[in-house]
Amino acid sequence: MSIGYSLFSVRSMRKTVTEKRHQLVVEIPSVRLDQYLKDHFKDISRAYLQMMIESQKVTVNDQIGKKGTLLKKGDVVKIASFVHPSDRMVQPADLPSLEVVYESDNYLIIDKPAGLPTHPNDFEDRNCVANHFIGIYPDSIQVGEDPLRPGIVHRLDSDTSGLLILAKSQEAFSYFRQQFNERKIDKTYHALTLGELRFDEYDIQTPLAHHHQNPRKMVAVTSDKVAYRSTIREAQTLVFVKKRFQHTTYIEVKTKTGRMHQVRVHLASIGFPLVGDKLYQDQKQRNKDTFGLRRHFLHASTLKFEDPWRKETVTYQIELPEDLNDCLKIQEAK
């Protein structure tokens, strides 16, 4: 069931945000640029400030600044126009539409297509699930904990398709967040790996962390020799073989935790990355991946949880989309 919203109503929701420029004169010598900005803008995260530096929006004496630039007394620091994080607000999609599997007064279950991000990384992005959601349900724009993620209870990678929960009310958001935190929501994926898995079942519990250089990538911390940044997080992925093919394996996956890229990283860590997953395949594996899939083979097929409003356990399921189903047929034909 596809639902949309009128273009007139969407345009009426546009929010004007004010961008501000700043010019600062350094009074305290021998301080790094990123630390200086953090001390000055105490209500803005270091990550956001470093992003502005990396985007070349900060100059020191009219030269492009770097986060490690050491400032001297009298240096002039200029920050190009930017929107304060507290002023950011997600904008509606121009023609909002969602494929709804189930709808109640409190939440939606949607079938997210591959290629559609769950939420914007910048308030100017307008083609994400969050943008479509508030375009259709404008009253839910304040739901959640982040102005760029209204209604977003959990996320799927941009190229992962399948079932996603969206909260229409703060009550529903708080309930589902607690359920996820307590690991009471049963999430099942279907995936296709490169290579034939040896065992019928796997319980992968390798902790995960952010890649030390690539912010869009995660690493499995398999030893103390693995480079990483930020905090190491526990992660658990259960794998069940459904069918082995020549050079690939069709599997069912259950995640007990919800880390970024968890399924993809865990499978790659045991030597069986997803078909189509160029980010986590090595060069040899990329050469073997000749199936023509334009995204990784991962589909969120089932959600099961306790619905407190209906006072029953509910299960939602969705079939493989056409591109993944076609790829699977190719394996079966060999």
# chains A, B, ... in the order shown; residues from 1 in each chain; ligands from 1

call {"tool": "residues_around", "arguments": {"residues": "A:Leu148", "least_positions_apart": "2", "cutoff": "6 Å", "atoms": "only C-alpha atoms", "output": "mmCIF file with N, CA and C atoms, in the first residue's frame"}}
result
data_model
loop_
_atom_site.group_PDB
_atom_site.id
_atom_site.type_symbol
_atom_site.label_atom_id
_atom_site.label_comp_id
_atom_site.auth_asym_id
_atom_site.auth_seq_id
_atom_site.Cartn_x
_atom_site.Cartn_y
_atom_site.Cartn_z
ATOM 1 N N MET A 89 16.397 21.157 10.943
ATOM 2 C CA MET A 89 15.132 20.435 10.924
ATOM 3 C C MET A 89 14.992 19.733 9.582
ATOM 4 N N VAL A 90 14.614 18.480 9.636
ATOM 5 C CA VAL A 90 14.460 17.720 8.407
ATOM 6 C C VAL A 90 13.347 18.329 7.564
ATOM 7 N N ASP A 146 16.181 13.235 17.806
ATOM 8 C CA ASP A 146 17.080 13.952 16.906
ATOM 9 C C ASP A 146 16.237 14.664 15.858
#

call {"tool": "select_by_dssp", "arguments": {"residues": "stretch 184-262 of chain A", "states": "strand (DSSP E or B)", "output": "count of residues only"}}
result
40

call {"tool": "closest_residue", "arguments": {"among": "A:Glu196, A:Glu124, A:Asp307, A:Asp111", "to": "A:Glu319", "atoms": "only C-alpha atoms"}}
result
A:Asp111

call {"tool": "residues_around", "arguments": {"residues": "stretch 59-69 of chain A", "least_positions_apart": "5", "cutoff": "8 Å", "atoms": "only C-alpha atoms", "output": "VMD selection string"}}
result
chain A and resid 32 to 34 50 53 to 54 75 to 79

call {"tool": "atom_distance", "arguments": {"atom1": "atom CA of A:Asp159", "atom2": "atom CA of A:Asp105"}}
result
28.6 Å

call {"tool": "closest_residue", "arguments": {"among": "A:Asp186, A:Leu166, A:Leu194, A:His212", "to": "A:Asn287", "atoms": "only C-alpha atoms"}}
result
A:Leu194

call {"tool": "residues_around", "arguments": {"residues": "A:Val239", "least_positions_apart": "6", "cutoff": "10 Å", "atoms": "only C-alpha atoms", "output": "PyMOL selection string"}}
result
chain A and resi 188-191+197+199-204+251-255+263+267

call {"tool": "select_by_dssp", "arguments": {"residues": "stretch 2-242 of chain A", "states": "alpha helix (DSSP H)", "output": "ChimeraX atom specification"}}
result
/A:7-11,33-40,46-54,129-136,170-181

call {"tool": "write_last_selection", "arguments": {"atoms": "N, CA and C atoms", "output": "CSV table (one decimal), in the first residue's frame"}}
result
chain,number,residue,atom,x,y,z
A,7,LEU,N,1.4,18.1,-2.7
A,7,LEU,CA,2.6,18.9,-2.8
A,7,LEU,C,2.4,20.3,-2.1
A,8,PHE,N,1.1,20.8,-2.2
A,8,PHE,CA,0.8,22.1,-1.5
A,8,PHE,C,1.1,22.0,0.0
A,9,SER,N,0.7,20.9,0.6
A,9,SER,CA,0.9,20.8,2.1
A,9,SER,C,2.4,20.7,2.4
A,10,VAL,N,3.1,20.0,1.5
A,10,VAL,CA,4.5,19.8,1.8
A,10,VAL,C,5.2,21.2,1.7
A,11,ARG,N,4.9,21.9,0.7
A,11,ARG,CA,5.6,23.2,0.6
A,11,ARG,C,5.3,24.2,1.8
A,33,LEU,N,43.1,24.0,16.7
A,33,LEU,CA,41.9,24.7,16.1
A,33,LEU,C,40.6,24.0,16.6
A,34,ASP,N,40.6,22.6,16.5
A,34,ASP,CA,39.4,21.9,16.9
A,34,ASP,C,39.0,22.1,18.3
A,35,GLN,N,40.0,22.1,19.2
A,35,GLN,CA,39.8,22.4,20.6
A,35,GLN,C,39.3,23.8,20.9
A,36,TYR,N,39.9,24.8,20.1
A,36,TYR,CA,39.5,26.2,20.3
A,36,TYR,C,38.1,26.4,19.9
A,37,LEU,N,37.6,25.7,18.8
A,37,LEU,CA,36.2,25.9,18.4
A,37,LEU,C,35.3,25.2,19.4
A,38,LYS,N,35.7,24.0,20.0
A,38,LYS,CA,34.9,23.3,21.0
A,38,LYS,C,34.8,24.2,22.2
A,39,ASP,N,35.9,24.9,22.6
A,39,ASP,CA,35.8,25.7,23.8
A,39,ASP,C,34.9,26.9,23.6
A,40,HIS,N,34.8,27.4,22.3
A,40,HIS,CA,34.0,28.6,22.0
A,40,HIS,C,32.6,28.2,21.8
A,46,ARG,N,31.9,18.1,19.1
A,46,ARG,CA,33.3,18.2,18.5
A,46,ARG,C,33.2,17.6,17.0
A,47,ALA,N,32.4,16.5,16.9
A,47,ALA,CA,32.3,15.9,15.5
A,47,ALA,C,31.7,16.9,14.5
A,48,TYR,N,30.7,17.6,14.9
A,48,TYR,CA,30.1,18.6,14.0
A,48,TYR,C,31.1,19.7,13.7
A,49,LEU,N,31.9,20.2,14.6
A,49,LEU,CA,32.9,21.2,14.4
A,49,LEU,C,34.0,20.7,13.5
A,50,GLN,N,34.4,19.4,13.7
A,50,GLN,CA,35.5,18.9,12.9
A,50,GLN,C,35.0,18.7,11.5
A,51,MET,N,33.7,18.4,11.3
A,51,MET,CA,33.1,18.3,10.0
A,51,MET,C,33.2,19.6,9.3
A,52,MET,N,33.0,20.7,10.0
A,52,MET,CA,33.1,22.0,9.3
A,52,MET,C,34.5,22.3,8.9
A,53,ILE,N,35.5,21.9,9.8
A,53,ILE,CA,36.9,22.1,9.4
A,53,ILE,C,37.2,21.3,8.2
A,54,GLU,N,36.8,20.0,8.2
A,54,GLU,CA,37.2,19.1,7.1
A,54,GLU,C,36.5,19.6,5.8
A,129,VAL,N,13.9,8.3,4.1
A,129,VAL,CA,12.7,7.8,4.7
A,129,VAL,C,12.1,8.9,5.6
A,130,ALA,N,13.0,9.6,6.4
A,130,ALA,CA,12.5,10.6,7.4
A,130,ALA,C,11.8,11.8,6.6
A,131,ASN,N,12.3,12.1,5.5
A,131,ASN,CA,11.7,13.2,4.7
A,131,ASN,C,10.3,12.8,4.2
A,132,HIS,N,10.2,11.6,3.7
A,132,HIS,CA,8.9,11.1,3.2
A,132,HIS,C,7.9,11.0,4.4
A,133,PHE,N,8.4,10.5,5.5
A,133,PHE,CA,7.6,10.3,6.7
A,133,PHE,C,7.0,11.6,7.2
A,134,ILE,N,7.8,12.7,7.3
A,134,ILE,CA,7.2,13.9,7.9
A,134,ILE,C,6.4,14.7,6.8
A,135,GLY,N,6.6,14.3,5.5
A,135,GLY,CA,5.8,14.9,4.4
A,135,GLY,C,4.4,14.4,4.5
A,136,ILE,N,4.3,13.1,4.9
A,136,ILE,CA,2.9,12.5,5.0
A,136,ILE,C,2.3,12.7,6.4
A,170,GLN,N,5.4,10.1,20.3
A,170,GLN,CA,6.5,10.0,21.2
A,170,GLN,C,6.4,8.8,22.1
A,171,GLU,N,5.2,8.4,22.5
A,171,GLU,CA,4.9,7.2,23.3
A,171,GLU,C,5.4,6.0,22.5
A,172,ALA,N,5.1,5.9,21.3
A,172,ALA,CA,5.5,4.8,20.5
A,172,ALA,C,7.0,4.7,20.3
A,173,PHE,N,7.6,5.9,20.1
A,173,PHE,CA,9.0,6.0,19.9
A,173,PHE,C,9.7,5.5,21.2
A,174,SER,N,9.3,5.9,22.3
A,174,SER,CA,9.9,5.5,23.6
A,174,SER,C,9.7,4.0,23.8
A,175,TYR,N,8.6,3.5,23.5
A,175,TYR,CA,8.3,2.1,23.7
A,175,TYR,C,9.2,1.2,22.8
A,176,PHE,N,9.3,1.6,21.5
A,176,PHE,CA,10.1,0.8,20.6
A,176,PHE,C,11.6,0.9,20.9
A,177,ARG,N,12.1,2.1,21.3
A,177,ARG,CA,13.5,2.2,21.7
A,177,ARG,C,13.8,1.3,22.9
A,178,GLN,N,12.9,1.3,23.8
A,178,GLN,CA,13.2,0.4,25.0
A,178,GLN,C,13.2,-1.0,24.6
A,179,GLN,N,12.3,-1.4,23.7
A,179,GLN,CA,12.2,-2.8,23.2
A,179,GLN,C,13.5,-3.2,22.5
A,180,PHE,N,14.0,-2.3,21.7
A,180,PHE,CA,15.3,-2.5,21.0
A,180,PHE,C,16.4,-2.6,22.0
A,181,ASN,N,16.5,-1.7,23.0
A,181,ASN,CA,17.5,-1.6,24.0
A,181,ASN,C,17.5,-2.9,24.8

call {"tool": "atom_distance", "arguments": {"atom1": "atom CA of A:Thr248", "atom2": "atom CA of A:Gly195"}}
result
4.5 Å

call {"tool": "residues_around", "arguments": {"residues": "A:Glu27", "least_positions_apart": "2", "cutoff": "9 Å", "atoms": "only C-alpha atoms", "output": "ChimeraX atom specification"}}
result
/A:25,29,72-75

call {"tool": "write_last_selection", "arguments": {"atoms": "C-alpha atoms", "output": "PDB file, in the first residue's frame"}}
result
ATOM      1  CA  VAL A  25      40.419  36.576  17.462  1.00  0.00           C
ATOM      2  CA  PRO A  29      48.001  30.781  22.468  1.00  0.00           C
ATOM      3  CA  LYS A  72      48.796  31.667  18.219  1.00  0.00           C
ATOM      4  CA  LYS A  73      47.614  34.740  20.077  1.00  0.00           C
ATOM      5  CA  GLY A  74      46.193  37.244  17.608  1.00  0.00           C
ATOM      6  CA  ASP A  75      45.291  34.674  14.946  1.00  0.00           C
TER       7      ASP A  75
END
